[in-house]
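Working notes, structure below.
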Amino acid sequence: MIVTISRSYGAAGLAVADGTATALGYELLTDDLPKAVAARLGTSPAVVAERASLGRSLSERIISSLGAGTPETVSPAATPLPGDFDEAMRREIERTIRDRADVGDVVILGRNAGAVLAGRTDLVCVFLHGAKSWRVARLVAAFGQNPEDAANDIDRVDAARRSFAKERYKMTWGDRRHYDLVVDASRFGVHGTIATIVAAVRAAETGAP
């Protein structure tokens with residue numbers, strides 16, 4: 001089975017994806033994605049992580065940099081690259097997702113993987129959301145942001161994700177019609193959310209009604 005997890009910013013996506021993969025005994029595809037894409041494009045993971053993170057908050061860029069295996073470098077401008085590099089990078093990200101999905105038994109966090117893999121019968125698409133106050137509190141605790149900055153980051157990142165999904169995949173990001181399971185992580189907590197996803201995946205594996 002393939003589990004894709006999309007999420008509102010601050011809705012514990014990384015913790016839930018990691019816990020879900022561990023509980024299922026699946027591989028987690030998130031941190032190593034820049035490495036695989038970089039190899040295909042003949043560039044460095046740091047460049048891919050930087051280009052993929054443009055427009056994100058500082059906290060998201062820090063998380064993304066972990067996958068490249070390099071310290072985060074925050075600069076006002078992206079690394080100079082050919083004009084079509086970003087589109088080539090997105091195509092390679094999608095190809096990497098499809099190739100890994102063909103192997104099976106993987107949890108894929110973000111990257112609109114549910115849209116990339118749409119139509120597969122071995123796919124469980126999940127969307128995480130949560131009360132904004134809960135998400136703000138998580139960002140404050142994790143990154144030491146003040147609540148106002150955290151709230152602004154949530155609005156900006158969610159808007160960017162919504163816009164990208166609409167422009168590239170012609171879908172309404174967060175619309176429950178595009179997902180098999182929509183979970184309020186602020187209501188169930190990280191562990192409860194993981195348990196809910198694992199139960200859904202197990203049911204899908206066995207074809208239980």
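Quick note on naming: the chains in the structure tokens go A, B, ... in the order shown, residues restart at 1 in each chain, and ligands are numbered from 1 in order of appearance.
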Show which residues sit within 12 Å of Ile197 in chain A, as a PDB file with all heavy atoms, in the first residue's frame. Count only C-alpha atoms, and ignore same-chain residues fewer than 5 positions away.
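Okay, selection06.pdb is ready:
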```pdb
ATOM      1  N   ILE A   2       0.322   2.312  -0.527  1.00  0.00           N
ATOM      2  CA  ILE A   2       0.967   3.618  -0.497  1.00  0.00           C
ATOM      3  C   ILE A   2       0.071   4.563   0.287  1.00  0.00           C
ATOM      4  O   ILE A   2      -1.133   4.649   0.024  1.00  0.00           O
ATOM      5  CB  ILE A   2       1.199   4.186  -1.901  1.00  0.00           C
ATOM      6  CG1 ILE A   2       2.097   3.266  -2.726  1.00  0.00           C
ATOM      7  CG2 ILE A   2       1.798   5.588  -1.835  1.00  0.00           C
ATOM      8  CD1 ILE A   2       1.345   2.396  -3.682  1.00  0.00           C
ATOM      9  N   VAL A   3       0.651   5.259   1.256  1.00  0.00           N
ATOM     10  CA  VAL A   3      -0.081   6.236   2.060  1.00  0.00           C
ATOM     11  C   VAL A   3       0.507   7.605   1.761  1.00  0.00           C
ATOM     12  O   VAL A   3       1.710   7.819   1.923  1.00  0.00           O
ATOM     13  CB  VAL A   3       0.047   5.948   3.563  1.00  0.00           C
ATOM     14  CG1 VAL A   3      -0.788   6.948   4.368  1.00  0.00           C
ATOM     15  CG2 VAL A   3      -0.369   4.517   3.881  1.00  0.00           C
ATOM     16  N   THR A   4      -0.325   8.534   1.296  1.00  0.00           N
ATOM     17  CA  THR A   4       0.140   9.897   1.094  1.00  0.00           C
ATOM     18  C   THR A   4      -0.497  10.780   2.160  1.00  0.00           C
ATOM     19  O   THR A   4      -1.685  10.641   2.467  1.00  0.00           O
ATOM     20  CB  THR A   4      -0.215  10.428  -0.300  1.00  0.00           C
ATOM     21  OG1 THR A   4      -1.630  10.489  -0.463  1.00  0.00           O
ATOM     22  CG2 THR A   4       0.382   9.541  -1.375  1.00  0.00           C
ATOM     23  N   ILE A   5       0.304  11.666   2.726  1.00  0.00           N
ATOM     24  CA  ILE A   5      -0.182  12.555   3.773  1.00  0.00           C
ATOM     25  C   ILE A   5       0.056  14.000   3.374  1.00  0.00           C
ATOM     26  O   ILE A   5       1.212  14.435   3.235  1.00  0.00           O
ATOM     27  CB  ILE A   5       0.497  12.265   5.126  1.00  0.00           C
ATOM     28  CG1 ILE A   5       0.196  10.829   5.564  1.00  0.00           C
ATOM     29  CG2 ILE A   5       0.049  13.261   6.188  1.00  0.00           C
ATOM     30  CD1 ILE A   5       0.846  10.426   6.890  1.00  0.00           C
ATOM     31  N   VAL A  16       3.249  12.677  12.474  1.00  0.00           N
ATOM     32  CA  VAL A  16       2.233  11.687  12.112  1.00  0.00           C
ATOM     33  C   VAL A  16       2.756  10.751  11.024  1.00  0.00           C
ATOM     34  O   VAL A  16       2.563   9.532  11.097  1.00  0.00           O
ATOM     35  CB  VAL A  16       0.940  12.389  11.658  1.00  0.00           C
ATOM     36  CG1 VAL A  16      -0.026  11.386  11.024  1.00  0.00           C
ATOM     37  CG2 VAL A  16       0.281  13.087  12.836  1.00  0.00           C
ATOM     38  N   ALA A  17       3.415  11.306  10.016  1.00  0.00           N
ATOM     39  CA  ALA A  17       3.937  10.468   8.934  1.00  0.00           C
ATOM     40  C   ALA A  17       4.974   9.486   9.462  1.00  0.00           C
ATOM     41  O   ALA A  17       4.971   8.298   9.111  1.00  0.00           O
ATOM     42  CB  ALA A  17       4.539  11.339   7.838  1.00  0.00           C
ATOM     43  N   ASP A  18       5.872   9.973  10.318  1.00  0.00           N
ATOM     44  CA  ASP A  18       6.905   9.110  10.877  1.00  0.00           C
ATOM     45  C   ASP A  18       6.290   8.012  11.745  1.00  0.00           C
ATOM     46  O   ASP A  18       6.662   6.833  11.642  1.00  0.00           O
ATOM     47  CB  ASP A  18       7.877   9.955  11.694  1.00  0.00           C
ATOM     48  CG  ASP A  18       9.033   9.134  12.236  1.00  0.00           C
ATOM     49  OD1 ASP A  18       9.733   8.487  11.440  1.00  0.00           O
ATOM     50  OD2 ASP A  18       9.233   9.120  13.468  1.00  0.00           O
ATOM     51  N   GLY A  19       5.336   8.386  12.582  1.00  0.00           N
ATOM     52  CA  GLY A  19       4.687   7.402  13.438  1.00  0.00           C
ATOM     53  C   GLY A  19       3.874   6.390  12.658  1.00  0.00           C
ATOM     54  O   GLY A  19       3.839   5.197  12.999  1.00  0.00           O
ATOM     55  N   THR A  20       3.227   6.844  11.597  1.00  0.00           N
ATOM     56  CA  THR A  20       2.447   5.942  10.748  1.00  0.00           C
ATOM     57  C   THR A  20       3.347   4.943  10.042  1.00  0.00           C
ATOM     58  O   THR A  20       3.051   3.738   9.990  1.00  0.00           O
ATOM     59  CB  THR A  20       1.635   6.745   9.722  1.00  0.00           C
ATOM     60  OG1 THR A  20       0.731   7.633  10.400  1.00  0.00           O
ATOM     61  CG2 THR A  20       0.847   5.829   8.802  1.00  0.00           C
ATOM     62  N   ALA A  21       4.449   5.427   9.486  1.00  0.00           N
ATOM     63  CA  ALA A  21       5.382   4.534   8.803  1.00  0.00           C
ATOM     64  C   ALA A  21       5.941   3.484   9.762  1.00  0.00           C
ATOM     65  O   ALA A  21       6.038   2.298   9.425  1.00  0.00           O
ATOM     66  CB  ALA A  21       6.519   5.354   8.187  1.00  0.00           C
ATOM     67  N   ALA A  23       4.535   2.365  12.572  1.00  0.00           N
ATOM     68  CA  ALA A  23       3.477   1.436  12.977  1.00  0.00           C
ATOM     69  C   ALA A  23       3.150   0.428  11.878  1.00  0.00           C
ATOM     70  O   ALA A  23       2.839  -0.737  12.170  1.00  0.00           O
ATOM     71  CB  ALA A  23       2.223   2.225  13.360  1.00  0.00           C
ATOM     72  N   LEU A  24       3.219   0.867  10.641  1.00  0.00           N
ATOM     73  CA  LEU A  24       2.896  -0.015   9.522  1.00  0.00           C
ATOM     74  C   LEU A  24       4.089  -0.853   9.069  1.00  0.00           C
ATOM     75  O   LEU A  24       3.926  -1.830   8.335  1.00  0.00           O
ATOM     76  CB  LEU A  24       2.390   0.807   8.330  1.00  0.00           C
ATOM     77  CG  LEU A  24       1.031   1.484   8.481  1.00  0.00           C
ATOM     78  CD1 LEU A  24       0.797   2.455   7.326  1.00  0.00           C
ATOM     79  CD2 LEU A  24      -0.092   0.452   8.528  1.00  0.00           C
ATOM     80  N   VAL A 107       5.060   5.486   3.096  1.00  0.00           N
ATOM     81  CA  VAL A 107       4.306   6.666   3.501  1.00  0.00           C
ATOM     82  C   VAL A 107       5.015   7.867   2.894  1.00  0.00           C
ATOM     83  O   VAL A 107       6.217   8.068   3.108  1.00  0.00           O
ATOM     84  CB  VAL A 107       4.261   6.813   5.041  1.00  0.00           C
ATOM     85  CG1 VAL A 107       3.573   8.122   5.430  1.00  0.00           C
ATOM     86  CG2 VAL A 107       3.536   5.629   5.664  1.00  0.00           C
ATOM     87  N   VAL A 124      -3.884   5.176  -0.283  1.00  0.00           N
ATOM     88  CA  VAL A 124      -4.722   5.785   0.749  1.00  0.00           C
ATOM     89  C   VAL A 124      -4.245   7.225   0.920  1.00  0.00           C
ATOM     90  O   VAL A 124      -3.116   7.466   1.353  1.00  0.00           O
ATOM     91  CB  VAL A 124      -4.625   5.035   2.097  1.00  0.00           C
ATOM     92  CG1 VAL A 124      -5.427   5.776   3.171  1.00  0.00           C
ATOM     93  CG2 VAL A 124      -5.136   3.610   1.956  1.00  0.00           C
ATOM     94  N   CYS A 125      -5.100   8.168   0.554  1.00  0.00           N
ATOM     95  CA  CYS A 125      -4.746   9.590   0.618  1.00  0.00           C
ATOM     96  C   CYS A 125      -5.313  10.198   1.901  1.00  0.00           C
ATOM     97  O   CYS A 125      -6.508  10.087   2.167  1.00  0.00           O
ATOM     98  CB  CYS A 125      -5.317  10.346  -0.579  1.00  0.00           C
ATOM     99  SG  CYS A 125      -4.610   9.867  -2.156  1.00  0.00           S
ATOM    100  N   VAL A 126      -4.448  10.856   2.650  1.00  0.00           N
ATOM    101  CA  VAL A 126      -4.820  11.436   3.939  1.00  0.00           C
ATOM    102  C   VAL A 126      -4.573  12.938   3.910  1.00  0.00           C
ATOM    103  O   VAL A 126      -3.577  13.404   3.344  1.00  0.00           O
ATOM    104  CB  VAL A 126      -3.998  10.802   5.081  1.00  0.00           C
ATOM    105  CG1 VAL A 126      -4.380  11.420   6.424  1.00  0.00           C
ATOM    106  CG2 VAL A 126      -4.164   9.288   5.095  1.00  0.00           C
ATOM    107  N   PHE A 127      -5.482  13.684   4.537  1.00  0.00           N
ATOM    108  CA  PHE A 127      -5.252  15.114   4.740  1.00  0.00           C
ATOM    109  C   PHE A 127      -5.408  15.426   6.221  1.00  0.00           C
ATOM    110  O   PHE A 127      -6.393  15.045   6.858  1.00  0.00           O
ATOM    111  CB  PHE A 127      -6.251  15.961   3.945  1.00  0.00           C
ATOM    112  CG  PHE A 127      -5.961  17.439   4.036  1.00  0.00           C
ATOM    113  CD1 PHE A 127      -5.016  18.022   3.207  1.00  0.00           C
ATOM    114  CD2 PHE A 127      -6.618  18.241   4.963  1.00  0.00           C
ATOM    115  CE1 PHE A 127      -4.726  19.377   3.301  1.00  0.00           C
ATOM    116  CE2 PHE A 127      -6.341  19.594   5.062  1.00  0.00           C
ATOM    117  CZ  PHE A 127      -5.389  20.168   4.231  1.00  0.00           C
ATOM    118  N   LEU A 128      -4.397  16.099   6.773  1.00  0.00           N
ATOM    119  CA  LEU A 128      -4.417  16.497   8.177  1.00  0.00           C
ATOM    120  C   LEU A 128      -4.724  17.979   8.302  1.00  0.00           C
ATOM    121  O   LEU A 128      -4.161  18.797   7.582  1.00  0.00           O
ATOM    122  CB  LEU A 128      -3.054  16.231   8.835  1.00  0.00           C
ATOM    123  CG  LEU A 128      -2.488  14.816   8.766  1.00  0.00           C
ATOM    124  CD1 LEU A 128      -1.133  14.782   9.467  1.00  0.00           C
ATOM    125  CD2 LEU A 128      -3.443  13.815   9.380  1.00  0.00           C
ATOM    126  N   ASP A 180      -9.073  10.072   0.913  1.00  0.00           N
ATOM    127  CA  ASP A 180      -9.790   8.951   1.509  1.00  0.00           C
ATOM    128  C   ASP A 180     -10.086   9.204   2.978  1.00  0.00           C
ATOM    129  O   ASP A 180     -11.064   8.686   3.520  1.00  0.00           O
ATOM    130  CB  ASP A 180      -8.966   7.662   1.382  1.00  0.00           C
ATOM    131  CG  ASP A 180      -8.656   7.317  -0.060  1.00  0.00           C
ATOM    132  OD1 ASP A 180      -9.612   7.139  -0.837  1.00  0.00           O
ATOM    133  OD2 ASP A 180      -7.458   7.239  -0.406  1.00  0.00           O
ATOM    134  N   LEU A 181      -9.232   9.977   3.612  1.00  0.00           N
ATOM    135  CA  LEU A 181      -9.343  10.200   5.051  1.00  0.00           C
ATOM    136  C   LEU A 181      -8.907  11.621   5.371  1.00  0.00           C
ATOM    137  O   LEU A 181      -7.820  12.041   4.993  1.00  0.00           O
ATOM    138  CB  LEU A 181      -8.446   9.200   5.792  1.00  0.00           C
ATOM    139  CG  LEU A 181      -8.504   9.172   7.316  1.00  0.00           C
ATOM    140  CD1 LEU A 181      -9.882   8.708   7.796  1.00  0.00           C
ATOM    141  CD2 LEU A 181      -7.414   8.250   7.860  1.00  0.00           C
ATOM    142  N   VAL A 182      -9.774  12.360   6.061  1.00  0.00           N
ATOM    143  CA  VAL A 182      -9.455  13.712   6.516  1.00  0.00           C
ATOM    144  C   VAL A 182      -9.530  13.696   8.044  1.00  0.00           C
ATOM    145  O   VAL A 182     -10.569  13.351   8.603  1.00  0.00           O
ATOM    146  CB  VAL A 182     -10.425  14.755   5.937  1.00  0.00           C
ATOM    147  CG1 VAL A 182     -10.110  16.144   6.484  1.00  0.00           C
ATOM    148  CG2 VAL A 182     -10.356  14.761   4.409  1.00  0.00           C
ATOM    149  N   VAL A 183      -8.423  14.045   8.699  1.00  0.00           N
ATOM    150  CA  VAL A 183      -8.338  13.896  10.156  1.00  0.00           C
ATOM    151  C   VAL A 183      -8.009  15.235  10.809  1.00  0.00           C
ATOM    152  O   VAL A 183      -7.084  15.931  10.374  1.00  0.00           O
ATOM    153  CB  VAL A 183      -7.261  12.866  10.555  1.00  0.00           C
ATOM    154  CG1 VAL A 183      -7.290  12.627  12.058  1.00  0.00           C
ATOM    155  CG2 VAL A 183      -7.463  11.554   9.809  1.00  0.00           C
ATOM    156  N   ASP A 184      -8.748  15.558  11.855  1.00  0.00           N
ATOM    157  CA  ASP A 184      -8.472  16.735  12.667  1.00  0.00           C
ATOM    158  C   ASP A 184      -7.446  16.328  13.731  1.00  0.00           C
ATOM    159  O   ASP A 184      -7.794  15.745  14.755  1.00  0.00           O
ATOM    160  CB  ASP A 184      -9.764  17.241  13.317  1.00  0.00           C
ATOM    161  CG  ASP A 184      -9.557  18.499  14.137  1.00  0.00           C
ATOM    162  OD1 ASP A 184      -8.403  18.841  14.451  1.00  0.00           O
ATOM    163  OD2 ASP A 184     -10.564  19.156  14.476  1.00  0.00           O
ATOM    164  N   ALA A 185      -6.176  16.632  13.474  1.00  0.00           N
ATOM    165  CA  ALA A 185      -5.121  16.216  14.388  1.00  0.00           C
ATOM    166  C   ALA A 185      -5.214  16.923  15.730  1.00  0.00           C
ATOM    167  O   ALA A 185      -4.761  16.388  16.747  1.00  0.00           O
ATOM    168  CB  ALA A 185      -3.757  16.476  13.751  1.00  0.00           C
ATOM    169  N   PHE A 188      -7.704  14.646  17.823  1.00  0.00           N
ATOM    170  CA  PHE A 188      -7.288  13.291  18.176  1.00  0.00           C
ATOM    171  C   PHE A 188      -5.863  13.223  18.703  1.00  0.00           C
ATOM    172  O   PHE A 188      -5.460  12.194  19.247  1.00  0.00           O
ATOM    173  CB  PHE A 188      -7.437  12.364  16.966  1.00  0.00           C
ATOM    174  CG  PHE A 188      -8.850  12.216  16.503  1.00  0.00           C
ATOM    175  CD1 PHE A 188      -9.293  12.835  15.346  1.00  0.00           C
ATOM    176  CD2 PHE A 188      -9.756  11.471  17.235  1.00  0.00           C
ATOM    177  CE1 PHE A 188     -10.600  12.710  14.920  1.00  0.00           C
ATOM    178  CE2 PHE A 188     -11.069  11.333  16.821  1.00  0.00           C
ATOM    179  CZ  PHE A 188     -11.501  11.964  15.657  1.00  0.00           C
ATOM    180  N   VAL A 190      -1.537  13.543  18.146  1.00  0.00           N
ATOM    181  CA  VAL A 190      -0.637  12.857  17.220  1.00  0.00           C
ATOM    182  C   VAL A 190      -0.840  11.347  17.276  1.00  0.00           C
ATOM    183  O   VAL A 190      -1.006  10.688  16.241  1.00  0.00           O
ATOM    184  CB  VAL A 190       0.835  13.211  17.532  1.00  0.00           C
ATOM    185  CG1 VAL A 190       1.785  12.343  16.716  1.00  0.00           C
ATOM    186  CG2 VAL A 190       1.108  14.688  17.253  1.00  0.00           C
ATOM    187  N   HIS A 191      -0.871  10.777  18.458  1.00  0.00           N
ATOM    188  CA  HIS A 191      -0.989   9.314  18.571  1.00  0.00           C
ATOM    189  C   HIS A 191      -2.352   8.822  18.091  1.00  0.00           C
ATOM    190  O   HIS A 191      -2.446   7.785  17.420  1.00  0.00           O
ATOM    191  CB  HIS A 191      -0.735   8.871  20.009  1.00  0.00           C
ATOM    192  CG  HIS A 191       0.667   9.140  20.475  1.00  0.00           C
ATOM    193  ND1 HIS A 191       1.762   8.537  19.897  1.00  0.00           N
ATOM    194  CD2 HIS A 191       1.150   9.961  21.448  1.00  0.00           C
ATOM    195  CE1 HIS A 191       2.865   8.967  20.490  1.00  0.00           C
ATOM    196  NE2 HIS A 191       2.526   9.828  21.437  1.00  0.00           N
ATOM    197  N   GLY A 192      -3.397   9.560  18.424  1.00  0.00           N
ATOM    198  CA  GLY A 192      -4.721   9.170  17.958  1.00  0.00           C
ATOM    199  C   GLY A 192      -4.848   9.283  16.452  1.00  0.00           C
ATOM    200  O   GLY A 192      -5.515   8.455  15.808  1.00  0.00           O
ATOM    201  N   ARG A 202      -5.009  -0.584   7.243  1.00  0.00           N
ATOM    202  CA  ARG A 202      -5.199  -2.018   7.451  1.00  0.00           C
ATOM    203  C   ARG A 202      -6.515  -2.485   6.826  1.00  0.00           C
ATOM    204  O   ARG A 202      -6.602  -3.573   6.253  1.00  0.00           O
ATOM    205  CB  ARG A 202      -5.175  -2.351   8.940  1.00  0.00           C
ATOM    206  CG  ARG A 202      -3.817  -2.145   9.613  1.00  0.00           C
ATOM    207  CD  ARG A 202      -2.709  -2.886   8.921  1.00  0.00           C
ATOM    208  NE  ARG A 202      -1.453  -2.843   9.692  1.00  0.00           N
ATOM    209  CZ  ARG A 202      -0.259  -3.060   9.163  1.00  0.00           C
ATOM    210  NH1 ARG A 202      -0.155  -3.320   7.869  1.00  0.00           N
ATOM    211  NH2 ARG A 202       0.842  -3.005   9.907  1.00  0.00           N
ATOM    212  N   ALA A 203      -7.539  -1.660   6.954  1.00  0.00           N
ATOM    213  CA  ALA A 203      -8.834  -1.999   6.345  1.00  0.00           C
ATOM    214  C   ALA A 203      -8.713  -2.027   4.823  1.00  0.00           C
ATOM    215  O   ALA A 203      -9.277  -2.910   4.167  1.00  0.00           O
ATOM    216  CB  ALA A 203      -9.897  -0.998   6.790  1.00  0.00           C
ATOM    217  N   ALA A 204      -7.975  -1.069   4.267  1.00  0.00           N
ATOM    218  CA  ALA A 204      -7.780  -1.041   2.816  1.00  0.00           C
ATOM    219  C   ALA A 204      -6.977  -2.237   2.336  1.00  0.00           C
ATOM    220  O   ALA A 204      -7.235  -2.775   1.248  1.00  0.00           O
ATOM    221  CB  ALA A 204      -7.092   0.257   2.413  1.00  0.00           C
TER     222      ALA A 204
END
```
If you count only C-alpha atoms, which residues fall within 10 Å of Val103 in chain A, apart from same-chain ones fewer than 3 positions away, as an MDAnalysis selection string?
-> chainID A and resid 1:2 98:100 106
Just write the chosen residues, C-alpha atoms, as a PDB file, in the first residue's frame.
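Now in again_6.pdb:
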```
ATOM      1  CA  MET A   1       0.000   0.000   0.000  1.00  0.00           C
ATOM      2  CA  ILE A   2       0.967   3.618  -0.497  1.00  0.00           C
ATOM      3  CA  ARG A  98       5.888   7.316  -8.859  1.00  0.00           C
ATOM      4  CA  ASP A  99       8.963   5.103  -8.937  1.00  0.00           C
ATOM      5  CA  ARG A 100       8.947   4.658  -5.157  1.00  0.00           C
ATOM      6  CA  VAL A 106       5.612   3.570   1.738  1.00  0.00           C
TER       7      VAL A 106
END
```
Which parts of range 81-207 of chain A does DSSP call alpha helix (DSSP H) when run on the backbone here, written out as an MDAnalysis selection string?
-> chainID A and resid 85:103 113:116 132:143 147:169 185:206
Quick one, how far is CA of Tyr169 in chain A from CA of Val136 in chain A?
-> 28.2 Å
Find the residues around Ser6 in chain A up to 9 Å (only C-alpha atoms counted), leave out those fewer than 5 positions away in its own chain, and share them as a list in words.
->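 Everything that qualifies: Gly13, Ile108, Leu109, Gly110, Arg111, Asn112, Ala113, Gly114, Cys125, Val126, Phe127, Leu128, His129, Trp173 and Gly174 of chain A.
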With all heavy atoms retained, export the selected residues as an mmCIF file, in the first residue's frame.
```cif
data_model
loop_
_atom_site.group_PDB
_atom_site.id
_atom_site.type_symbol
_atom_site.label_atom_id
_atom_site.label_comp_id
_atom_site.auth_asym_id
_atom_site.auth_seq_id
_atom_site.Cartn_x
_atom_site.Cartn_y
_atom_site.Cartn_z
ATOM 1 N N GLY A 13 2.349 17.090 10.632
ATOM 2 C CA GLY A 13 2.516 16.181 9.510
ATOM 3 C C GLY A 13 3.715 15.263 9.625
ATOM 4 O O GLY A 13 3.606 14.056 9.387
ATOM 5 N N ILE A 108 4.288 8.659 2.120
ATOM 6 C CA ILE A 108 4.874 9.808 1.441
ATOM 7 C C ILE A 108 4.257 11.075 2.023
ATOM 8 O O ILE A 108 3.044 11.271 1.972
ATOM 9 C CB ILE A 108 4.626 9.761 -0.080
ATOM 10 C CG1 ILE A 108 5.123 8.429 -0.657
ATOM 11 C CG2 ILE A 108 5.314 10.940 -0.767
ATOM 12 C CD1 ILE A 108 4.794 8.236 -2.129
ATOM 13 N N LEU A 109 5.098 11.928 2.548
ATOM 14 C CA LEU A 109 4.637 13.165 3.163
ATOM 15 C C LEU A 109 4.772 14.323 2.191
ATOM 16 O O LEU A 109 5.846 14.585 1.655
ATOM 17 C CB LEU A 109 5.459 13.464 4.426
ATOM 18 C CG LEU A 109 5.148 14.784 5.141
ATOM 19 C CD1 LEU A 109 3.720 14.792 5.678
ATOM 20 C CD2 LEU A 109 6.149 15.028 6.268
ATOM 21 N N GLY A 110 3.661 15.026 1.969
ATOM 22 C CA GLY A 110 3.689 16.251 1.181
ATOM 23 C C GLY A 110 3.895 16.018 -0.299
ATOM 24 O O GLY A 110 3.614 14.952 -0.842
ATOM 25 N N ARG A 111 4.376 17.072 -0.975
ATOM 26 C CA ARG A 111 4.677 17.059 -2.409
ATOM 27 C C ARG A 111 3.454 16.779 -3.275
ATOM 28 O O ARG A 111 3.584 16.386 -4.423
ATOM 29 C CB ARG A 111 5.761 16.021 -2.735
ATOM 30 C CG ARG A 111 6.985 16.067 -1.844
ATOM 31 C CD ARG A 111 7.820 17.299 -2.048
ATOM 32 N NE ARG A 111 9.038 17.262 -1.245
ATOM 33 C CZ ARG A 111 9.963 18.203 -1.239
ATOM 34 N NH1 ARG A 111 9.795 19.269 -1.985
ATOM 35 N NH2 ARG A 111 11.031 18.102 -0.473
ATOM 36 N N ASN A 112 2.246 16.934 -2.728
ATOM 37 C CA ASN A 112 1.022 16.641 -3.477
ATOM 38 C C ASN A 112 1.052 15.234 -4.052
ATOM 39 O O ASN A 112 0.562 14.978 -5.158
ATOM 40 C CB ASN A 112 0.813 17.667 -4.595
ATOM 41 C CG ASN A 112 0.410 19.021 -4.076
ATOM 42 O OD1 ASN A 112 -0.749 19.240 -3.709
ATOM 43 N ND2 ASN A 112 1.349 19.949 -4.024
ATOM 44 N N ALA A 113 1.628 14.310 -3.287
ATOM 45 C CA ALA A 113 1.806 12.945 -3.783
ATOM 46 C C ALA A 113 0.478 12.271 -4.103
ATOM 47 O O ALA A 113 0.402 11.449 -5.020
ATOM 48 C CB ALA A 113 2.582 12.112 -2.768
ATOM 49 N N GLY A 114 -0.574 12.604 -3.364
ATOM 50 C CA GLY A 114 -1.875 12.017 -3.654
ATOM 51 C C GLY A 114 -2.351 12.368 -5.046
ATOM 52 O O GLY A 114 -2.924 11.526 -5.756
ATOM 53 N N CYS A 125 -5.100 8.168 0.554
ATOM 54 C CA CYS A 125 -4.746 9.590 0.618
ATOM 55 C C CYS A 125 -5.313 10.198 1.901
ATOM 56 O O CYS A 125 -6.508 10.087 2.167
ATOM 57 C CB CYS A 125 -5.317 10.346 -0.579
ATOM 58 S SG CYS A 125 -4.610 9.867 -2.156
ATOM 59 N N VAL A 126 -4.448 10.856 2.650
ATOM 60 C CA VAL A 126 -4.820 11.436 3.939
ATOM 61 C C VAL A 126 -4.573 12.938 3.910
ATOM 62 O O VAL A 126 -3.577 13.404 3.344
ATOM 63 C CB VAL A 126 -3.998 10.802 5.081
ATOM 64 C CG1 VAL A 126 -4.380 11.420 6.424
ATOM 65 C CG2 VAL A 126 -4.164 9.288 5.095
ATOM 66 N N PHE A 127 -5.482 13.684 4.537
ATOM 67 C CA PHE A 127 -5.252 15.114 4.740
ATOM 68 C C PHE A 127 -5.408 15.426 6.221
ATOM 69 O O PHE A 127 -6.393 15.045 6.858
ATOM 70 C CB PHE A 127 -6.251 15.961 3.945
ATOM 71 C CG PHE A 127 -5.961 17.439 4.036
ATOM 72 C CD1 PHE A 127 -5.016 18.022 3.207
ATOM 73 C CD2 PHE A 127 -6.618 18.241 4.963
ATOM 74 C CE1 PHE A 127 -4.726 19.377 3.301
ATOM 75 C CE2 PHE A 127 -6.341 19.594 5.062
ATOM 76 C CZ PHE A 127 -5.389 20.168 4.231
ATOM 77 N N LEU A 128 -4.397 16.099 6.773
ATOM 78 C CA LEU A 128 -4.417 16.497 8.177
ATOM 79 C C LEU A 128 -4.724 17.979 8.302
ATOM 80 O O LEU A 128 -4.161 18.797 7.582
ATOM 81 C CB LEU A 128 -3.054 16.231 8.835
ATOM 82 C CG LEU A 128 -2.488 14.816 8.766
ATOM 83 C CD1 LEU A 128 -1.133 14.782 9.467
ATOM 84 C CD2 LEU A 128 -3.443 13.815 9.380
ATOM 85 N N HIS A 129 -5.599 18.305 9.228
ATOM 86 C CA HIS A 129 -5.859 19.704 9.543
ATOM 87 C C HIS A 129 -5.976 19.811 11.054
ATOM 88 O O HIS A 129 -5.811 18.840 11.781
ATOM 89 C CB HIS A 129 -7.118 20.215 8.837
ATOM 90 C CG HIS A 129 -8.383 19.544 9.287
ATOM 91 N ND1 HIS A 129 -9.270 20.132 10.153
ATOM 92 C CD2 HIS A 129 -8.916 18.314 8.999
ATOM 93 C CE1 HIS A 129 -10.288 19.326 10.367
ATOM 94 N NE2 HIS A 129 -10.088 18.204 9.681
ATOM 95 N N TRP A 173 -7.001 22.063 -2.766
ATOM 96 C CA TRP A 173 -6.215 21.523 -1.654
ATOM 97 C C TRP A 173 -7.064 21.500 -0.381
ATOM 98 O O TRP A 173 -7.727 22.476 -0.045
ATOM 99 C CB TRP A 173 -4.995 22.412 -1.472
ATOM 100 C CG TRP A 173 -4.063 22.069 -0.367
ATOM 101 C CD1 TRP A 173 -3.093 21.116 -0.374
ATOM 102 C CD2 TRP A 173 -3.987 22.714 0.910
ATOM 103 N NE1 TRP A 173 -2.421 21.125 0.819
ATOM 104 C CE2 TRP A 173 -2.943 22.095 1.627
ATOM 105 C CE3 TRP A 173 -4.696 23.755 1.511
ATOM 106 C CZ2 TRP A 173 -2.596 22.481 2.913
ATOM 107 C CZ3 TRP A 173 -4.361 24.145 2.790
ATOM 108 C CH2 TRP A 173 -3.321 23.511 3.480
ATOM 109 N N GLY A 174 -7.086 20.370 0.297
ATOM 110 C CA GLY A 174 -7.855 20.228 1.525
ATOM 111 C C GLY A 174 -9.305 19.839 1.328
ATOM 112 O O GLY A 174 -9.997 19.543 2.312
#
```
To one decimal place, how far is CA of Arg161 in chain A from CA of Gly10 in chain A in Å?
->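 Straight-line distance from CA of Arg161 in chain A to CA of Gly10 in chain A works out to 12.9 Å.
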For Ala142 in chain A, which residue among A:Leu123, A:Met89, A:Ala12, A:Ile97 is the nearest when counting only C-alpha atoms?
-> A:Ala12
Expressed in Å to a single decimal, how great is the separation between CA of Arg7 in chain A and CA of Asp105 in chain A?
-> 20.2 Å
Can you list, as a PyMOL selection string, every protein, DNA or RNA residue that comes within 10 Å of Lys132 in chain A when you count only C-alpha atoms, leaving out same-chain residues fewer than 3 positions away?
-> chain A and resi 8-11+129+135-138+150-151+154-155+186
